[in-house]
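Novice: So that we are looking at the same thing, I have put the structure below in structure tokens.
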Amino acid sequence: MHTQHHDLIQTIQRNCHIADARHAGDYTLCVYLLKMREFYRWEKGIRLSDVVISDDVGEWLTQREAVWDALDEQDYAPLSLNGSGEHDPFANETINTALNSVGLVYSAGYGRRCRPLFFLAELEQVIEQDDYTLLVAGRELARDVEAPPAMNQGKHVFIRRESLRRMLWEKVDEWRWSGLDNPMGRALAHYDFDADVEAALDAMAAAEIQTVIAHEIGEVKAGQVLGDAEWQTMLFALPPSHADIMLRAVRDLLADCLHTLPELLVRGNAASIHFYFGNLSAMRKKLAPQLVAAYQHWHETGDAKKIAAYAEWGREHWATVGRKALALFQAKGVAALAEIEAMVSCVDS
């Protein structure tokens, strides 16, 4: 199958290289080097538990940057599909209509700072849930340096099992350096990483893919509440700023109160609850100290009522905060950044 689609894979990977060439400068040097090391591991098919040779990575990195230099000014190429001509690379629905039937899944969208994100993978599973179509991707055939475990576009949710597994390994590796008694450590303690790293990663990915699905459905619902087009227009217009980080955290908290937290409590998987709180961004923790306190209460007593109560309260609260921020931006544009920051900073009470 992959031989048959060789040209398509090459075209998508070229588009990935163009996106990487244009946006590699978005990262700090440290983050850039870590992402490139991980990308090298993926491209070379090196297992997550195996050691990579620094000299080999350095040589590959020099070659990759030369490729990027040659592509930086190029346009994204259309995708040629058998029997249906050429398609704009962002025509997800049309492209997937053709590819899903042959066991492939494709996505093109935008991440932070309007960064294009592309990937092509083997289609592992299609799940119809309520009004949403969840497309679970397995082995990835083309991808960017940036590889989020999940993304949503309208009512289509793309879940990337391989990228999720890689992200989990990074969390494991990071926690091992500290060994702290924290939510991440408590989540990892449910899996036997000492005996078999790869098997433990598979088990953890199988559990956490459900959490990722829940969050992405929450994102779709948050978009319906806030007005997805208007919200995205605002984020795309914002310069890199504290307000930008805050507003992304506000939407994440809304998504989690709408769907992720209730789903976690229904499932009752302690490892997943620990993992969720271990994976909270610094901004979400800053904006939602009540939620962090509710987790601590659950950890100490086993009583999840405070988490459930926060989710119920947060559905309306974070929707109100999001709407106020959007109204400020629509009235004043980027001149509203300081006012938005001040409004969001003192809302969790």
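Simple scheme: letters A, B, ... for chains in structure tokens order, numbers from 1 for residues in each chain, numbers from 1 for ligands in the order shown.
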So which bits of stretch 92-326 of chain A end up strand (DSSP E) when you DSSP the backbone, as an MDAnalysis selection string?
Specialist: chainID A and resid 104:110 116:129 132:143 150:153 156:160
Novice: Per residue of stretch 205-322 of chain A within 12 Å of stretch 326-345 of chain A, record the nearest atom pair and its distance in Å to one decimal, counting only C-alpha atoms, with rows in chain order and ascending residue number, as a tab-separated table.
Specialist:
residue	atom	partner	partner_atom	distance
A:Val225	CA	A:Leu326	CA	11.9
A:Leu226	CA	A:Leu326	CA	8.3
A:Gly227	CA	A:Leu326	CA	9.5
A:Asp228	CA	A:Leu326	CA	11.0
A:Ala229	CA	A:Leu326	CA	11.3
A:Glu230	CA	A:Leu326	CA	7.8
A:Trp231	CA	A:Leu326	CA	6.9
A:Gln232	CA	A:Leu326	CA	10.2
A:Thr233	CA	A:Leu326	CA	9.9
A:Met234	CA	A:Phe329	CA	7.1
A:Leu235	CA	A:Leu326	CA	9.8
A:Phe236	CA	A:Val334	CA	11.2
A:Ala237	CA	A:Val334	CA	7.8
A:Leu238	CA	A:Val334	CA	6.5
A:Pro239	CA	A:Val334	CA	8.0
A:Pro240	CA	A:Leu337	CA	10.8
A:Ser241	CA	A:Leu337	CA	8.3
A:His242	CA	A:Glu341	CA	7.2
A:Ala243	CA	A:Glu341	CA	5.3
A:Asp244	CA	A:Leu337	CA	8.6
A:Ile245	CA	A:Glu341	CA	9.7
A:Met246	CA	A:Val344	CA	7.2
A:Leu247	CA	A:Val344	CA	8.1
A:Arg248	CA	A:Val344	CA	11.3
A:Ala249	CA	A:Val344	CA	10.1
A:Val250	CA	A:Val344	CA	8.2
A:Arg251	CA	A:Leu326	CA	11.4
A:Met283	CA	A:Ser345	CA	10.1
A:Arg284	CA	A:Ser345	CA	11.0
A:Lys285	CA	A:Ser345	CA	11.8
A:Lys286	CA	A:Ser345	CA	8.6
A:Leu287	CA	A:Ser345	CA	6.8
A:Ala288	CA	A:Ser345	CA	10.1
A:Pro289	CA	A:Ser345	CA	11.7
A:His317	CA	A:Val344	CA	11.2
A:Trp318	CA	A:Val344	CA	9.6
A:Ala319	CA	A:Leu326	CA	10.5
A:Thr320	CA	A:Leu326	CA	9.9
A:Val321	CA	A:Val344	CA	6.9
A:Gly322	CA	A:Leu326	CA	6.2
Novice: Identify, on the basis of only C-alpha atoms, every residue whose closest approach to A:Asn182 does not exceed 10 Å; exclude the query and any residue fewer than 5 positions from it along the same chain; express the result as an mmCIF file with all heavy atoms, in the first residue's frame.
Specialist:
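The result, stored in out22.cif:
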data_model
loop_
_atom_site.group_PDB
_atom_site.id
_atom_site.type_symbol
_atom_site.label_atom_id
_atom_site.label_comp_id
_atom_site.auth_asym_id
_atom_site.auth_seq_id
_atom_site.Cartn_x
_atom_site.Cartn_y
_atom_site.Cartn_z
ATOM 1 N N TRP A 175 9.910 12.782 34.111
ATOM 2 C CA TRP A 175 9.630 12.500 35.516
ATOM 3 C C TRP A 175 10.783 11.715 36.161
ATOM 4 O O TRP A 175 11.108 11.936 37.331
ATOM 5 C CB TRP A 175 8.330 11.718 35.674
ATOM 6 C CG TRP A 175 8.040 11.429 37.119
ATOM 7 C CD1 TRP A 175 7.460 12.265 38.022
ATOM 8 C CD2 TRP A 175 8.371 10.232 37.824
ATOM 9 N NE1 TRP A 175 7.390 11.671 39.248
ATOM 10 C CE2 TRP A 175 7.949 10.417 39.164
ATOM 11 C CE3 TRP A 175 8.966 9.027 37.466
ATOM 12 C CZ2 TRP A 175 8.119 9.437 40.133
ATOM 13 C CZ3 TRP A 175 9.138 8.053 38.432
ATOM 14 C CH2 TRP A 175 8.713 8.259 39.750
ATOM 15 N N ALA A 187 0.588 8.716 38.300
ATOM 16 C CA ALA A 187 0.031 8.080 37.099
ATOM 17 C C ALA A 187 0.962 6.985 36.589
ATOM 18 O O ALA A 187 0.530 5.863 36.285
ATOM 19 C CB ALA A 187 -0.197 9.133 36.015
ATOM 20 N N HIS A 274 -4.875 11.018 37.604
ATOM 21 C CA HIS A 274 -3.553 11.529 37.974
ATOM 22 C C HIS A 274 -2.848 12.122 36.753
ATOM 23 O O HIS A 274 -2.233 13.188 36.829
ATOM 24 C CB HIS A 274 -2.690 10.400 38.546
ATOM 25 C CG HIS A 274 -3.047 9.988 39.942
ATOM 26 N ND1 HIS A 274 -3.102 10.879 40.991
ATOM 27 C CD2 HIS A 274 -3.360 8.765 40.454
ATOM 28 C CE1 HIS A 274 -3.427 10.220 42.104
ATOM 29 N NE2 HIS A 274 -3.596 8.953 41.809
ATOM 30 N N PHE A 275 -2.942 11.429 35.611
ATOM 31 C CA PHE A 275 -2.249 11.894 34.408
ATOM 32 C C PHE A 275 -2.806 13.232 33.942
ATOM 33 O O PHE A 275 -2.053 14.118 33.537
ATOM 34 C CB PHE A 275 -2.355 10.865 33.285
ATOM 35 C CG PHE A 275 -1.621 11.276 32.044
ATOM 36 C CD1 PHE A 275 -0.246 11.144 31.951
ATOM 37 C CD2 PHE A 275 -2.300 11.826 30.966
ATOM 38 C CE1 PHE A 275 0.433 11.540 30.811
ATOM 39 C CE2 PHE A 275 -1.627 12.231 29.825
ATOM 40 C CZ PHE A 275 -0.252 12.090 29.751
ATOM 41 N N PHE A 277 -4.090 15.640 35.707
ATOM 42 C CA PHE A 277 -3.598 16.729 36.551
ATOM 43 C C PHE A 277 -2.075 16.870 36.447
ATOM 44 O O PHE A 277 -1.546 17.979 36.590
ATOM 45 C CB PHE A 277 -4.047 16.521 38.000
ATOM 46 C CG PHE A 277 -5.497 16.861 38.202
ATOM 47 C CD1 PHE A 277 -6.474 15.879 38.123
ATOM 48 C CD2 PHE A 277 -5.884 18.166 38.413
ATOM 49 C CE1 PHE A 277 -7.815 16.201 38.275
ATOM 50 C CE2 PHE A 277 -7.227 18.499 38.567
ATOM 51 C CZ PHE A 277 -8.196 17.512 38.496
ATOM 52 N N GLY A 278 -1.387 15.788 36.162
ATOM 53 C CA GLY A 278 0.051 15.890 35.944
ATOM 54 C C GLY A 278 0.395 16.588 34.657
ATOM 55 O O GLY A 278 1.515 17.091 34.482
#
Novice: For each of A:Arg143, A:Thr133, A:Gln10, A:Ile159, take the minimum atom-to-atom distance to A:Glu43, counting only C-alpha atoms, then give the residue where this is smallest.
Specialist: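 Of A:Arg143, A:Thr133, A:Gln10, A:Ile159, the one nearest A:Glu43, counting only C-alpha atoms, is A:Arg143.
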Novice: Which polymer residues have any atom within 12 Å of an atom of A:Asp256, counting only C-alpha atoms, with same-chain residues fewer than 3 positions away left out, as a PyMOL selection string?
Specialist: chain A and resi 211-222+249-253+259-265+276-277+280+284+288+291+307-308+310-315+318-319
Novice: Would you please give, as a count of residues only, all residues of stretch 157-230 of chain A that DSSP assigns to alpha helix (DSSP H) based on the backbone?
Specialist: 57
Novice: Which polymer residues have any atom within 8 Å of an atom of A:Lys306, counting only C-alpha atoms, with same-chain residues fewer than 4 positions away left out, as a list in words?
Specialist: Ala294, Tyr295, His297, Trp298 and Tyr310 of chain A
Novice: Next, write the just-selected residues to a file, as an mmCIF file, in the first residue's frame, keeping all heavy atoms as the atom set.
Specialist:
data_model
loop_
_atom_site.group_PDB
_atom_site.id
_atom_site.type_symbol
_atom_site.label_atom_id
_atom_site.label_comp_id
_atom_site.auth_asym_id
_atom_site.auth_seq_id
_atom_site.Cartn_x
_atom_site.Cartn_y
_atom_site.Cartn_z
ATOM 1 N N ALA A 294 -9.150 20.642 44.350
ATOM 2 C CA ALA A 294 -10.124 19.550 44.274
ATOM 3 C C ALA A 294 -9.416 18.225 43.986
ATOM 4 O O ALA A 294 -9.782 17.175 44.531
ATOM 5 C CB ALA A 294 -11.157 19.852 43.199
ATOM 6 N N TYR A 295 -8.409 18.269 43.118
ATOM 7 C CA TYR A 295 -7.620 17.061 42.848
ATOM 8 C C TYR A 295 -6.908 16.586 44.110
ATOM 9 O O TYR A 295 -6.908 15.385 44.428
ATOM 10 C CB TYR A 295 -6.591 17.323 41.744
ATOM 11 C CG TYR A 295 -5.472 16.300 41.746
ATOM 12 C CD1 TYR A 295 -5.670 15.021 41.250
ATOM 13 C CD2 TYR A 295 -4.212 16.604 42.292
ATOM 14 C CE1 TYR A 295 -4.658 14.061 41.276
ATOM 15 C CE2 TYR A 295 -3.202 15.664 42.318
ATOM 16 C CZ TYR A 295 -3.429 14.386 41.815
ATOM 17 O OH TYR A 295 -2.428 13.444 41.852
ATOM 18 N N HIS A 297 -7.725 17.018 47.139
ATOM 19 C CA HIS A 297 -8.725 16.432 48.042
ATOM 20 C C HIS A 297 -9.060 15.004 47.607
ATOM 21 O O HIS A 297 -9.150 14.092 48.448
ATOM 22 C CB HIS A 297 -9.982 17.298 48.042
ATOM 23 C CG HIS A 297 -11.092 16.758 48.893
ATOM 24 N ND1 HIS A 297 -11.095 16.840 50.261
ATOM 25 C CD2 HIS A 297 -12.250 16.109 48.547
ATOM 26 C CE1 HIS A 297 -12.186 16.266 50.749
ATOM 27 N NE2 HIS A 297 -12.903 15.822 49.724
ATOM 28 N N TRP A 298 -9.247 14.807 46.302
ATOM 29 C CA TRP A 298 -9.522 13.462 45.783
ATOM 30 C C TRP A 298 -8.357 12.520 46.076
ATOM 31 O O TRP A 298 -8.559 11.364 46.491
ATOM 32 C CB TRP A 298 -9.777 13.528 44.276
ATOM 33 C CG TRP A 298 -9.796 12.177 43.631
ATOM 34 C CD1 TRP A 298 -10.824 11.272 43.633
ATOM 35 C CD2 TRP A 298 -8.722 11.560 42.908
ATOM 36 N NE1 TRP A 298 -10.462 10.130 42.963
ATOM 37 C CE2 TRP A 298 -9.179 10.278 42.499
ATOM 38 C CE3 TRP A 298 -7.436 11.963 42.567
ATOM 39 C CZ2 TRP A 298 -8.379 9.406 41.767
ATOM 40 C CZ3 TRP A 298 -6.630 11.094 41.839
ATOM 41 C CH2 TRP A 298 -7.097 9.837 41.450
ATOM 42 N N TYR A 310 -16.503 21.391 40.521
ATOM 43 C CA TYR A 310 -15.755 22.391 39.762
ATOM 44 C C TYR A 310 -16.141 22.335 38.285
ATOM 45 O O TYR A 310 -16.319 23.376 37.633
ATOM 46 C CB TYR A 310 -14.245 22.190 39.905
ATOM 47 C CG TYR A 310 -13.464 23.305 39.238
ATOM 48 C CD1 TYR A 310 -13.073 24.428 39.959
ATOM 49 C CD2 TYR A 310 -13.169 23.268 37.879
ATOM 50 C CE1 TYR A 310 -12.401 25.477 39.351
ATOM 51 C CE2 TYR A 310 -12.501 24.305 37.255
ATOM 52 C CZ TYR A 310 -12.118 25.399 37.994
ATOM 53 O OH TYR A 310 -11.468 26.438 37.381
#
Novice: In Å to one decimal, how far is atom CA of A:Leu188 from atom CA of A:Ser272?
Specialist: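 Atom-to-atom, atom CA of A:Ser272 to atom CA of A:Leu188, that is 9.6 Å.
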Novice: So which one's closest to A:Leu48, A:Trp169, A:Arg14, A:Ala325, A:Leu33? Using only C-alpha atoms, please.
Specialist: A:Trp169
Novice: Here is a test: counting only C-alpha atoms, which residue of A:Gln74, A:Asn92, A:Ser80, A:Gln63 is nearest to A:Thr11?
Specialist: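 Between A:Gln74, A:Asn92, A:Ser80, A:Gln63, the residue approaching A:Thr11 most closely is A:Ser80.
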Novice: Atom CA of A:Arg186 and atom CA of A:Lys305 are how many Å apart?
Specialist: 20.1 Å
Novice: Tell me, in Å to one decimal, how far atom CA of A:Ala189 is from atom CA of A:Met204.
Specialist: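 Separation of atom CA of A:Ala189 and atom CA of A:Met204: 10.8 Å.
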Novice: Excluding same-chain residues fewer than 2 positions from stretch 196-201 of chain A, what lies within 12 Å of it counting only C-alpha atoms, as a PyMOL selection string?
Specialist: chain A and resi 47-50+161-173+187-194+203-209
Novice: Restrict the calculation to only C-alpha atoms, then for each residue of stretch 57-92 of chain A with any atom at most 12 Å from an atom of stretch 109-124 of chain A give the closest atom pair and their distance in Å to one decimal, rows by chain and rising residue number, as a tab-separated table.
Specialist:
residue	atom	partner	partner_atom	distance
A:Tyr76	CA	A:Pro116	CA	10.1
A:Leu79	CA	A:Leu120	CA	11.8
A:Pro89	CA	A:Phe118	CA	8.8
A:Phe90	CA	A:Gly109	CA	6.8
A:Ala91	CA	A:Gly109	CA	9.5
A:Asn92	CA	A:Gly109	CA	8.4
Novice: Using only C-alpha atoms, pick whichever of A:Ala150, A:Ala271, A:Ala70, A:Leu81 has the shortest atom-to-atom distance to A:Ala137.
Specialist: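 Going through A:Ala150, A:Ala271, A:Ala70, A:Leu81 one by one, the smallest distance to A:Ala137 is for A:Ala150.
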